[in-house]
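Engineer: Compact mmCIF, C-alpha atoms and all ligand atoms, file upload03.txt:
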```txt
# COMPACT_ATOMS: atom_id res chain seq x y z
CA MET C 108 0.00 0.00 0.00
CA PHE C 109 1.30 3.44 -0.97
CA ILE C 110 -0.80 6.40 0.15
CA VAL C 111 -0.57 9.80 -1.50
CA ALA C 112 -2.36 12.57 0.43
CA GLN C 113 -3.51 15.58 -1.57
CA ILE C 114 -4.32 19.01 -0.19
CA THR C 115 -5.08 21.99 -2.39
CA ASP C 116 -6.15 25.62 -2.44
CA MET C 117 -5.20 26.55 1.10
CA HIS C 118 -5.08 30.28 0.20
CA ILE C 119 -3.03 31.25 3.27
CA LYS C 120 -3.24 34.96 4.17
CA PRO C 121 -0.83 37.01 6.31
CA GLU C 122 -1.14 36.76 10.11
CA GLY C 123 -4.37 38.38 11.32
CA LYS C 124 -6.04 38.38 7.88
CA LEU C 125 -9.03 36.32 6.72
CA ALA C 126 -9.69 35.36 3.09
CA TYR C 127 -12.52 37.57 1.79
CA ASP C 128 -12.66 38.99 5.37
CA ARG C 129 -14.51 35.81 6.35
CA VAL C 130 -12.55 32.56 5.96
CA ASP C 131 -9.79 31.66 8.43
CA THR C 132 -7.73 29.69 5.92
CA ALA C 133 -4.79 29.24 8.33
CA ALA C 134 -6.99 27.65 11.01
CA ALA C 135 -8.49 25.42 8.31
CA LEU C 136 -5.06 24.23 7.17
CA ALA C 137 -3.94 23.65 10.77
CA GLU C 138 -6.97 21.39 11.29
CA CYS C 139 -6.25 19.57 8.02
CA VAL C 140 -2.60 18.97 8.97
CA LYS C 141 -3.72 17.60 12.34
CA ALA C 142 -6.21 15.25 10.67
CA ILE C 143 -3.61 13.95 8.20
CA ASN C 144 -1.03 13.40 10.96
CA ALA C 145 -3.64 11.41 12.90
CA LEU C 146 -4.20 8.92 10.05
CA ASP C 147 -3.13 5.33 10.66
CA PRO C 148 -1.42 4.26 8.47
CA LEU C 149 0.13 7.63 7.73
CA PRO C 150 0.25 8.73 4.09
CA ASP C 151 3.66 8.08 2.52
CA VAL C 152 3.79 11.49 0.87
CA LEU C 153 1.73 14.67 0.56
CA LEU C 154 1.12 16.73 -2.58
CA ALA C 155 -0.09 20.34 -2.28
CA THR C 156 -1.56 21.27 -5.66
CA GLY C 157 -1.41 25.05 -5.78
CA ASP C 158 -3.09 28.20 -4.51
CA LEU C 159 -0.89 27.48 -1.51
CA VAL C 160 -1.22 31.11 -0.46
CA ASP C 161 -3.63 33.83 -1.50
CA ALA C 162 -1.46 36.55 -2.99
CA GLY C 163 2.04 35.13 -3.49
CA ARG C 164 3.43 37.25 -0.62
CA ALA C 165 6.53 36.41 1.43
CA ASP C 166 4.66 36.73 4.74
CA GLU C 167 2.03 34.31 3.45
CA TYR C 168 4.65 31.74 2.44
CA ALA C 169 6.33 32.10 5.85
CA ARG C 170 3.00 31.34 7.50
CA LEU C 171 2.37 28.42 5.13
CA ARG C 172 5.77 27.00 5.99
CA ALA C 173 4.99 27.10 9.71
CA LEU C 174 1.57 25.50 9.15
CA LEU C 175 2.99 22.64 7.05
CA ALA C 176 5.97 22.03 9.37
CA PRO C 177 4.19 19.50 11.67
CA LEU C 178 3.45 17.11 8.75
CA LYS C 179 5.10 13.77 9.37
CA MET C 180 5.62 12.86 5.70
CA PRO C 181 7.54 14.45 2.78
CA VAL C 182 5.66 17.38 1.20
CA TYR C 183 5.79 18.44 -2.46
CA LEU C 184 4.49 21.79 -3.70
CA ILE C 185 3.39 23.07 -7.10
CA PRO C 186 2.15 26.58 -7.89
CA GLY C 187 -1.44 27.64 -8.57
CA ASN C 188 -2.65 30.89 -10.06
CA HIS C 189 -2.41 32.65 -6.65
CA ASP C 190 1.25 31.64 -6.21
CA GLU C 191 4.60 33.18 -7.13
CA ARG C 192 7.41 30.85 -8.14
CA ALA C 193 10.14 33.04 -6.61
CA GLY C 194 8.24 33.36 -3.33
CA MET C 195 7.80 29.59 -3.08
CA ARG C 196 11.49 28.99 -3.74
CA ALA C 197 12.56 31.62 -1.22
CA ALA C 198 10.33 30.25 1.56
CA PHE C 199 11.21 26.57 1.03
CA PRO C 200 14.96 26.58 0.19
CA GLU C 201 15.44 22.97 1.32
CA HIS C 202 12.77 21.83 -1.19
CA ARG C 203 15.47 21.37 -3.83
CA TYR C 204 13.03 19.94 -6.38
CA LEU C 205 11.58 23.49 -6.76
CA GLY C 206 14.72 24.40 -8.70
CA THR C 207 16.13 27.90 -8.95
CA GLU C 208 14.54 29.25 -12.14
CA GLY C 209 11.99 28.49 -14.84
CA PHE C 210 8.95 26.30 -14.41
CA ILE C 211 8.39 24.25 -11.25
CA GLN C 212 8.10 20.80 -12.80
CA TYR C 213 9.64 17.66 -11.31
CA ALA C 214 9.25 13.93 -10.83
CA VAL C 215 9.39 12.28 -7.40
CA GLU C 216 11.02 8.94 -8.11
CA ASP C 217 11.63 7.27 -4.76
CA GLY C 218 8.26 5.53 -4.22
CA PRO C 219 6.50 2.71 -6.14
CA VAL C 220 4.42 5.34 -7.99
CA ARG C 221 6.12 8.21 -9.82
CA LEU C 222 4.68 11.58 -8.83
CA ILE C 223 5.00 14.05 -11.67
CA GLY C 224 4.29 17.71 -10.90
CA LEU C 225 3.34 20.21 -13.62
CA ASP C 226 3.43 24.00 -13.52
CA THR C 227 0.34 25.62 -15.08
CA LEU C 228 1.04 29.13 -13.79
CA ILE C 229 0.74 32.25 -15.95
CA PRO C 230 2.00 35.00 -13.61
CA ARG C 231 -0.83 37.24 -12.33
CA GLU C 232 -3.51 35.51 -14.42
CA PRO C 233 -6.30 33.29 -13.10
CA GLY C 234 -6.26 30.82 -16.00
CA GLY C 235 -3.55 28.21 -16.59
CA LEU C 236 -1.27 27.20 -19.43
CA LEU C 237 0.70 24.14 -20.45
CA CYS C 238 2.95 25.50 -23.20
CA ALA C 239 4.93 23.36 -25.69
CA GLU C 240 7.99 23.40 -23.40
CA ARG C 241 6.12 22.15 -20.32
CA LEU C 242 4.26 19.50 -22.33
CA ALA C 243 7.43 18.24 -24.05
CA TRP C 244 9.04 17.83 -20.62
CA LEU C 245 6.08 15.73 -19.46
CA ASP C 246 6.18 13.55 -22.58
CA ARG C 247 9.92 12.94 -22.14
CA THR C 248 9.58 12.27 -18.42
CA LEU C 249 6.78 9.73 -18.91
CA ALA C 250 8.66 8.06 -21.79
CA ALA C 251 11.67 7.51 -19.52
CA GLU C 252 9.80 4.99 -17.28
CA PRO C 253 6.99 3.39 -19.29
CA GLY C 254 6.67 0.43 -16.92
CA LYS C 255 6.15 2.34 -13.66
CA PRO C 256 2.77 3.74 -12.57
CA ALA C 257 2.57 7.52 -12.40
CA ILE C 258 0.30 10.16 -10.90
CA VAL C 259 0.44 13.51 -12.70
CA PHE C 260 -0.46 16.49 -10.52
CA LEU C 261 -1.17 20.07 -11.54
CA HIS C 262 -3.26 23.02 -10.34
CA HIS C 263 -5.72 23.78 -13.17
CA PRO C 264 -7.87 20.77 -14.12
CA PRO C 265 -7.61 19.91 -17.83
CA PHE C 266 -11.36 19.60 -18.44
CA ARG C 267 -14.52 21.71 -18.50
CA THR C 268 -16.38 21.47 -15.20
CA HIS C 269 -19.65 23.14 -16.35
CA ILE C 270 -19.22 25.74 -13.59
CA PRO C 271 -19.02 28.72 -15.96
CA GLY C 272 -17.39 31.08 -13.44
CA MET C 273 -14.41 28.71 -13.18
CA ASP C 274 -14.33 27.41 -16.75
CA ARG C 275 -13.54 31.00 -17.80
CA PHE C 276 -10.21 30.43 -16.04
CA GLY C 277 -9.47 27.02 -17.51
CA LEU C 278 -6.29 25.39 -18.79
CA GLU C 279 -4.87 26.21 -22.20
CA GLY C 280 -3.05 23.17 -23.57
CA ALA C 281 -5.49 20.68 -22.02
CA GLU C 282 -6.13 18.91 -25.35
CA ALA C 283 -2.41 18.46 -25.97
CA LEU C 284 -2.04 17.14 -22.41
CA LYS C 285 -4.79 14.61 -23.12
CA THR C 286 -2.95 13.38 -26.23
CA ILE C 287 0.28 12.90 -24.23
CA VAL C 288 -1.45 11.13 -21.35
CA ALA C 289 -3.20 8.78 -23.80
CA ARG C 290 0.25 7.80 -25.18
CA HIS C 291 1.43 6.72 -21.70
CA PRO C 292 -1.00 4.19 -20.23
CA GLN C 293 1.00 3.98 -16.99
CA VAL C 294 -0.61 7.30 -15.93
CA GLU C 295 -2.94 6.25 -13.13
CA ARG C 296 -4.41 9.69 -12.47
CA VAL C 297 -4.22 13.36 -13.40
CA ILE C 298 -5.08 15.18 -10.17
CA GLY C 299 -5.64 18.89 -9.70
CA GLY C 300 -7.18 21.62 -7.60
CA HIS C 301 -8.40 25.15 -8.45
CA LEU C 302 -12.09 24.12 -8.35
CA HIS C 303 -12.35 23.74 -4.57
CA ARG C 304 -14.69 20.77 -5.14
CA PRO C 305 -14.33 17.01 -5.79
CA ILE C 306 -14.91 16.48 -9.54
CA GLU C 307 -13.78 13.69 -11.85
CA THR C 308 -13.98 12.72 -15.51
CA ARG C 309 -12.54 10.30 -18.07
CA PHE C 310 -9.38 11.81 -19.57
CA GLY C 311 -6.93 10.39 -22.12
CA GLY C 312 -7.56 6.81 -21.02
CA THR C 313 -7.26 7.61 -17.31
CA ILE C 314 -9.18 9.61 -14.69
CA ALA C 315 -8.70 13.34 -14.11
CA SER C 316 -9.97 14.81 -10.87
CA THR C 317 -9.99 17.80 -8.56
CA CYS C 318 -9.75 17.86 -4.78
CA PRO C 319 -11.74 20.03 -2.32
CA SER C 320 -10.06 22.77 -0.26
CA PRO C 321 -9.45 22.48 3.50
CA ALA C 322 -11.04 25.96 3.71
CA HIS C 323 -13.76 27.35 1.38
CA GLN C 324 -15.37 25.58 -1.58
CA ILE C 325 -16.58 26.97 -4.94
CA ASN C 326 -20.34 27.33 -5.19
CA LEU C 327 -21.91 24.56 -7.34
CA GLU C 328 -23.48 26.68 -10.07
CA PHE C 329 -24.10 25.53 -13.64
CA LYS C 330 -26.00 28.65 -14.78
CA PRO C 331 -23.96 31.43 -16.46
CA ASP C 332 -26.01 34.10 -14.65
CA GLY C 333 -25.92 32.36 -11.24
CA VAL C 334 -23.79 33.25 -8.20
CA PHE C 335 -20.10 32.80 -8.92
CA GLY C 336 -18.67 32.62 -5.44
CA TYR C 337 -17.54 30.50 -2.54
CA ILE C 338 -19.51 28.46 -0.03
CA LEU C 339 -18.63 26.99 3.34
CA GLU C 340 -19.53 23.41 2.49
CA PRO C 341 -17.56 20.69 4.31
CA ALA C 342 -13.83 21.07 3.79
CA ALA C 343 -11.83 17.99 2.80
CA PHE C 344 -8.61 16.46 1.53
CA GLN C 345 -8.05 13.35 -0.56
CA LEU C 346 -6.10 10.12 -0.26
CA HIS C 347 -4.98 8.33 -3.42
CA VAL C 348 -4.19 4.74 -2.46
CA TRP C 349 -2.11 2.49 -4.69
CA SER C 350 -1.35 -1.19 -4.24
CA GLU C 351 0.72 -3.54 -6.41
CA GLY C 352 -1.35 -4.94 -9.28
CA GLU C 353 -4.33 -2.67 -8.58
CA SER C 354 -5.38 0.74 -9.81
CA VAL C 355 -5.39 3.87 -7.64
CA VAL C 356 -8.40 4.25 -5.33
CA THR C 357 -9.33 7.75 -4.15
CA HIS C 358 -10.99 8.68 -0.85
CA THR C 359 -12.34 12.16 -0.13
CA VAL C 360 -12.00 12.79 3.61
CA PRO C 361 -14.14 15.55 5.16
CA LEU C 362 -12.62 17.63 7.96
CA GLY C 363 -14.42 18.11 11.25
CA ASP C 364 -15.41 16.32 14.42
CA TRP C 365 -18.07 13.79 13.52
CA PRO C 366 -19.89 11.42 15.90
CA GLY C 367 -18.60 7.83 15.70
CA PRO C 368 -17.22 5.52 14.55
CA TYR C 369 -19.73 3.03 15.96
CA ALA C 370 -19.04 -0.66 15.45
CA PHE C 371 -21.76 -2.73 13.74
CA ASN C 372 -22.80 -5.28 16.31
CA PHE C 373 -23.72 -8.34 14.30
CA ARG C 374 -24.93 -11.03 16.67
CA PRO C 375 -25.72 -14.59 15.63
CA LYS C 376 -29.49 -15.17 15.62
CA ALA C 377 -30.80 -17.16 18.58
CA ALA C 378 -31.91 -20.68 17.60
FE FE E 401 -8.04 28.24 -5.27
FE FE E 402 -6.72 28.38 -8.55
```
As structure tokens - that is how I would like this structure written.
Ligand SMILES: [Fe+2]
Ligand SMILES: [Fe+2]
Structural biologist:
Amino acid sequence: MFIVAQITDMHIKPEGKLAYDRVDTAAALAECVKAINALDPLPDVLLATGDLVDAGRADEYARLRALLAPLKMPVYLIPGNHDERAGMRAAFPEHRYLGTEGFIQYAVEDGPVRLIGLDTLIPREPGGLLCAERLAWLDRTLAAEPGKPAIVFLHHPPFRTHIPGMDRFGLEGAEALKTIVARHPQVERVIGGHLHRPIETRFGGTIASTCPSPAHQINLEFKPDGVFGYILEPAAFQLHVWSEGESVVTHTVPLGDWPGPYAFNFRPKAA
């Protein structure tokens, strides 16, 4: 069993500030970190799929660093549209995989599943992009290990969600990504964030999905003239569980104190 935890869209603000003057994103992440550390078995690794902080500021990354510090497993970061590559690199200098310049793309090779991070950031724009250079890197990286399962992770999901407010800020290059993924059947999943909701679809012969936020969620709204906004539905993270000879199984885990668990008491019927 190899367990990959995914958290996304934490939108950390500076000390004393709430997101949208309402959401305590730092308290939400602290609760999420506590819940992940309490899992038994512990996840082997944690992926944070962008919108790590809200405005790419140094004081936000410093706070993020302190909030992630208690995690008991290795942590890997990729940028979302609210992030700044330089700020991430400056705040996490020991995260060598972030590199020193250019896109933040890398493969984590030390587990039984390769974890391949993509950078969809266009600085200061809400939408995402996979340009020819980023896509060629992915194609080469997947081609290097055709026999080993891989999870590709990125911030912007490469599919239309039918939530018009978010689809406006979609991912350019998604069709080309689909063609590449279809060429490499070892890709178990393409997992993302940005949508602050759990969503999945068929994609290039595999499954593409998004993970909820530990803080606020995006309002479920299919109408173009409906409310484009956020909603305080249950926060969550995801666990992607791989086992030899089986495909990846994903669990969405809501945060909060819930009654239970209560054991089912099955008693043999009296004769
Ligand atoms: Fe976000
Ligand atoms: Fe985003």
Engineer: Got a sec to check which residues lie within 7 Å of ligand FE 402 (chain E), using all atoms listed in the file, and send them as a CSV table (one decimal) with C-alpha atoms, in the coordinates of the input?
Structural biologist:
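Saved as selection-v9.csv:
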```csv
chain,number,residue,atom,x,y,z
C,116,ASP,CA,-6.2,25.6,-2.4
C,157,GLY,CA,-1.4,25.0,-5.8
C,158,ASP,CA,-3.1,28.2,-4.5
C,187,GLY,CA,-1.4,27.6,-8.6
C,188,ASN,CA,-2.6,30.9,-10.1
C,189,HIS,CA,-2.4,32.6,-6.6
C,233,PRO,CA,-6.3,33.3,-13.1
C,262,HIS,CA,-3.3,23.0,-10.3
C,263,HIS,CA,-5.7,23.8,-13.2
C,300,GLY,CA,-7.2,21.6,-7.6
C,301,HIS,CA,-8.4,25.2,-8.4
C,302,LEU,CA,-12.1,24.1,-8.4
```
Engineer: Produce as a VMD selection string the set of residues near ligand FE 401 (chain E), where near means within 12 Å with only C-alpha atoms and all ligand atoms considered.
Structural biologist: chain C and resid 114 to 119 126 132 155 to 162 186 to 190 233 to 234 262 to 264 273 276 299 to 304 317 to 325 336 to 337
Engineer: Work out how far atom CA of C:Val182 is from atom CA of C:Pro148, in Å to one decimal.
Structural biologist: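 One can read the atom CA of C:Pro148 to atom CA of C:Val182 distance as 16.6 Å.
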Engineer: Quick one, how far is atom CA of C:Lys330 from atom CA of C:Glu282?
Structural biologist: 24.5 Å
Engineer: Starting from the point (-7.2, 6.6, -9.2), work out which residues of protein, DNA or RNA have an atom no more than 6 Å away when counting all atoms listed in the file; state them as a count of residues only.
Structural biologist: 5
Engineer: Distance cut-off 8 Å, centre (5.0, 14.3, -8.8) in file coordinates, counting only C-alpha atoms: which residues qualify? Return them as a PyMOL selection string.
Structural biologist: chain C and resi 154+183+213-215+221-225+258-260
Engineer: By how many Å are atom CA of C:Ser350 and atom CA of C:Met108 apart?
Structural biologist: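 For atom CA of C:Ser350 relative to atom CA of C:Met108, the distance reads 4.6 Å.
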Engineer: Excluding C:Phe310 and residues on its chain fewer than 5 positions from it, collect all residues at most 12 Å away from it, counting only C-alpha atoms, and give them as a PyMOL selection string.
Structural biologist: chain C and resi 264-267+281-290+292+294-298+315-316
Engineer: Might you pull out every residue within 12 Å of C:Leu174, with all atoms listed in the file counted and same-chain residues fewer than 4 positions away left off, and present them as a PyMOL selection string?
Structural biologist: chain C and resi 117+119-120+122+132-141+159-160+167-170+178
Engineer: With C-alpha atoms retained, export the selected residues as a PDB file, in the frame of the given file.
Structural biologist:
```pdb
ATOM      1  CA  MET C 117      -5.200  26.550   1.100  1.00  0.00           C
ATOM      2  CA  ILE C 119      -3.030  31.250   3.270  1.00  0.00           C
ATOM      3  CA  LYS C 120      -3.240  34.960   4.170  1.00  0.00           C
ATOM      4  CA  GLU C 122      -1.140  36.760  10.110  1.00  0.00           C
ATOM      5  CA  THR C 132      -7.730  29.690   5.920  1.00  0.00           C
ATOM      6  CA  ALA C 133      -4.790  29.240   8.330  1.00  0.00           C
ATOM      7  CA  ALA C 134      -6.990  27.650  11.010  1.00  0.00           C
ATOM      8  CA  ALA C 135      -8.490  25.420   8.310  1.00  0.00           C
ATOM      9  CA  LEU C 136      -5.060  24.230   7.170  1.00  0.00           C
ATOM     10  CA  ALA C 137      -3.940  23.650  10.770  1.00  0.00           C
ATOM     11  CA  GLU C 138      -6.970  21.390  11.290  1.00  0.00           C
ATOM     12  CA  CYS C 139      -6.250  19.570   8.020  1.00  0.00           C
ATOM     13  CA  VAL C 140      -2.600  18.970   8.970  1.00  0.00           C
ATOM     14  CA  LYS C 141      -3.720  17.600  12.340  1.00  0.00           C
ATOM     15  CA  LEU C 159      -0.890  27.480  -1.510  1.00  0.00           C
ATOM     16  CA  VAL C 160      -1.220  31.110  -0.460  1.00  0.00           C
ATOM     17  CA  GLU C 167       2.030  34.310   3.450  1.00  0.00           C
ATOM     18  CA  TYR C 168       4.650  31.740   2.440  1.00  0.00           C
ATOM     19  CA  ALA C 169       6.330  32.100   5.850  1.00  0.00           C
ATOM     20  CA  ARG C 170       3.000  31.340   7.500  1.00  0.00           C
ATOM     21  CA  LEU C 178       3.450  17.110   8.750  1.00  0.00           C
TER      22      LEU C 178
END
```
Engineer: With distances taken over all atoms listed in the file, which residue among C:Gly352, C:Pro230, C:Gly209, C:Pro177 lies nearest C:Lys255?
Structural biologist: C:Gly352
Engineer: With only C-alpha atoms as the basis for distance, which of C:Asn144, C:Gln212, C:Gln293, C:Thr227 is at the shortest distance from C:Ala250?
Structural biologist: C:Gln293
Engineer: For a quick check of understanding, using all atoms listed in the file, which of C:Met180, C:Leu327, C:Gln113, C:Ala142 has the smallest distance to C:His358?
Structural biologist: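 Of the candidates, the smallest distance to C:His358 is held by C:Gln113.
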Engineer: Give the answer as one residue: which of C:Gly123, C:Pro256, C:Pro341, C:Leu237 has the shortest atom-to-atom distance to C:Ser354, using all atoms listed in the file?
Structural biologist: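 Smallest separation from C:Ser354 among the options: C:Pro256.
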Engineer: Residues near C:His202, anyone? I mean within 12 Å using all atoms listed in the file, not counting same-chain ones fewer than 2 positions away, as a VMD selection string.
Structural biologist: chain C and resid 172 181 to 185 195 to 200 204 to 207 211 213 215
Engineer: Counting only C-alpha atoms, figure out which residue out of C:Thr268, C:Lys376, C:Phe109, C:Asp128 gets nearest to C:Asp151.
Structural biologist: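 Ranked by minimum distance to C:Asp151, first place goes to C:Phe109.
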